[in-house]
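Everything on this sheet refers to the single structure shown next.
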Amino acid sequence: MIEELGLTPPQWEVYRALLWNPRASREELAEIARAHGSDLDADIVHLEFASLVVRSSSTPSQLRPVYPQVALQRLLDQKWDLHEEEAKQLRHVNEELTEFAEEFSEHRRAYEISLLNEVTDPAEMTSRVNELVREAKSEILSFVPNTFSGATLEHARAGDRELLGRGVRARSIYLDATLEDTASRQYLHWLAAQGAFVRTTPSLPVRMIVFDGSAAVVSRRALDPGHGALIVQSQGLIAALVSLFEAYWSRATPLTPSGIPRDSITTIEHDILTLLAQGMKDDAIAHRLDVSVRTVRRALNQLYERTGSENRFELGVKATRYGWL
């Protein structure tokens, strides 16, 4: 309580001593102050300033305490007044901040209202892309026709880890040639292991990233992001870019682990995986395909071994990733 009223423990004890014994001597008060490691003269100055004591020639200590019903209530009222003034100032600051934020939003909307915003400064482009990545909530689609340096890959891993950790779905198409570089190939396999969906294709039309189907960044020169980018806000153009991505995605080859040829399953294996994905048991699959249960289990064991899967769920996930389903 005393700290909230602006009093130190020694000052409070001196005031209490005067209240309990208005005839206390200055020596007695000085002893109390010394016991709390304080100086009586300094404490008296503060108590007088706070209107807790007044000078009196009729008391031994020449001090008279003001009764707490008056003195302490006055201090509390002063604190309330200060608090209300601070609250008023904060409300005023909040109003100014709200007004400033609305002004900025209107400016931003006016800035981005055009169909295309051209960004040529590399730092500005990086900042804008990072902002869109942070704002992404559902899905990011990417055409990635360029190669990577070691430093770029490490930076990409950190960003991808944060993005996928937030639950954002990522689908990316890279060039087949990317797999020829060991570091890049390892990065793509790492990316797929983190939960991203990765495919490759012989060629891509442009460097492009689409964010939540509401904004896109497209390289200004077809395959060269180093010459700036276009920030696309038009929903019509975004829809066209998403359609372009989906067309390439449907023809691109799913990334597969080393040693597993693409599209390397037999018809019977494909049928077994399809029925497995529907939740059917071994005997039901065998009955549907008119084969023995032994044949089904042998095929599944071979698929487990080839994909490094330990259970049906993991096999289903990897079969989807490899494009077998």
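Here, A, B, ... name the chains of the structure tokens in the order displayed, residue numbers run from 1 inside each chain, and ligands are numbered from 1 in the same displayed order.
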Neighbouring residues of Leu191 in chain A were defined as those with any atom within 10 Å, considering only C-alpha atoms; residues of the same chain fewer than 3 positions away were excluded. Please report them as a short mmCIF file (atom, residue, chain, number, x, y, z; two decimals) with N, CA and C atoms, in the first residue's frame.
```cif
data_model
loop_
_atom_site.label_atom_id
_atom_site.label_comp_id
_atom_site.auth_asym_id
_atom_site.auth_seq_id
_atom_site.Cartn_x
_atom_site.Cartn_y
_atom_site.Cartn_z
N ALA A 156 16.84 -20.49 -47.72
CA ALA A 156 15.55 -21.06 -48.12
C ALA A 156 15.06 -22.08 -47.10
N ARG A 157 15.97 -22.90 -46.57
CA ARG A 157 15.57 -23.90 -45.58
C ARG A 157 14.93 -23.24 -44.35
N ASP A 160 11.46 -21.93 -45.35
CA ASP A 160 10.53 -23.03 -45.59
C ASP A 160 10.11 -23.69 -44.28
N ARG A 161 11.07 -23.85 -43.38
CA ARG A 161 10.77 -24.50 -42.10
C ARG A 161 9.73 -23.67 -41.31
N LEU A 164 6.17 -23.87 -43.37
CA LEU A 164 5.49 -25.15 -43.23
C LEU A 164 5.10 -25.42 -41.77
N ALA A 170 2.44 -25.89 -49.28
CA ALA A 170 3.35 -25.39 -50.31
C ALA A 170 3.45 -26.39 -51.45
N SER A 172 5.40 -26.66 -55.17
CA SER A 172 6.44 -26.02 -55.98
C SER A 172 6.83 -26.90 -57.15
N ARG A 185 19.43 -31.04 -55.29
CA ARG A 185 18.64 -32.27 -55.18
C ARG A 185 18.39 -32.61 -53.71
N GLN A 186 19.42 -32.48 -52.89
CA GLN A 186 19.26 -32.75 -51.47
C GLN A 186 18.27 -31.79 -50.83
N TYR A 187 18.31 -30.54 -51.26
CA TYR A 187 17.37 -29.54 -50.74
C TYR A 187 15.93 -29.92 -51.10
N LEU A 188 15.69 -30.34 -52.34
CA LEU A 188 14.34 -30.70 -52.75
C LEU A 188 13.81 -31.90 -51.97
N GLN A 194 9.79 -32.30 -45.31
CA GLN A 194 9.18 -31.37 -44.36
C GLN A 194 7.67 -31.24 -44.56
N GLY A 195 7.17 -31.82 -45.66
CA GLY A 195 5.72 -31.77 -45.90
C GLY A 195 5.31 -30.97 -47.12
N ALA A 196 6.29 -30.39 -47.84
CA ALA A 196 5.96 -29.65 -49.06
C ALA A 196 5.70 -30.64 -50.20
N PHE A 197 4.98 -30.20 -51.21
CA PHE A 197 4.71 -31.01 -52.39
C PHE A 197 5.60 -30.48 -53.52
N VAL A 198 6.46 -31.35 -54.04
CA VAL A 198 7.48 -30.93 -55.00
C VAL A 198 7.35 -31.76 -56.27
#
```
Contacts of Asn21 in chain A within 12 Å, only C-alpha atoms, excl. fewer than 5 positions in-chain, as number ranges by chain: A: 13-16, 26, 28-29, 59-61, 63-65
Atoms kept (C-alpha atoms) for selection, written as a PDB file, in the first residue's frame:
```pdb
ATOM      1  CA  GLU A  13       7.081   4.141  10.196  1.00  0.00           C
ATOM      2  CA  VAL A  14       7.866   7.746  11.252  1.00  0.00           C
ATOM      3  CA  TYR A  15       4.311   8.788  10.309  1.00  0.00           C
ATOM      4  CA  ARG A  16       2.846   5.793  12.182  1.00  0.00           C
ATOM      5  CA  ARG A  26      12.590  13.990  17.805  1.00  0.00           C
ATOM      6  CA  GLU A  28      12.594   8.764  19.249  1.00  0.00           C
ATOM      7  CA  LEU A  29      11.705   9.501  15.638  1.00  0.00           C
ATOM      8  CA  THR A  59       4.800  18.981  20.489  1.00  0.00           C
ATOM      9  CA  PRO A  60       8.219  17.638  21.537  1.00  0.00           C
ATOM     10  CA  SER A  61       9.162  16.705  18.001  1.00  0.00           C
ATOM     11  CA  LEU A  63       5.632  17.809  14.241  1.00  0.00           C
ATOM     12  CA  ARG A  64       1.963  16.985  14.257  1.00  0.00           C
ATOM     13  CA  PRO A  65       0.556  14.173  12.132  1.00  0.00           C
TER      14      PRO A  65
END
```
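CA of Phe143 in chain A to CA of Phe245 in chain A spans 7.6 Å [interatomic distance, one decimal].
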Long-range neighbours of Ile285 in chain A as an MDAnalysis selection string, 9 Å cut-off, only C-alpha atoms, 6 positions minimum in chain: chainID A and resid 271:272 275:276 291 293 296
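The interatomic distance for the pair CA of His155 in chain A and CA of Ala215 in chain A works out to 22.8 Å.
Distances here use only C-alpha atoms; by that measure, the residue among A:Leu141, A:Ala24, A:Arg306, A:Arg220 closest to Tyr248 in chain A is A:Leu141.
Near Ile238 in chain A, within 9 Å and counting only C-alpha atoms, sit Val210, Gly213, Ser214, Ala215, Ala216, Val232, Gln233 and Ser243 of chain A; same-chain residues fewer than 5 positions away were not included.
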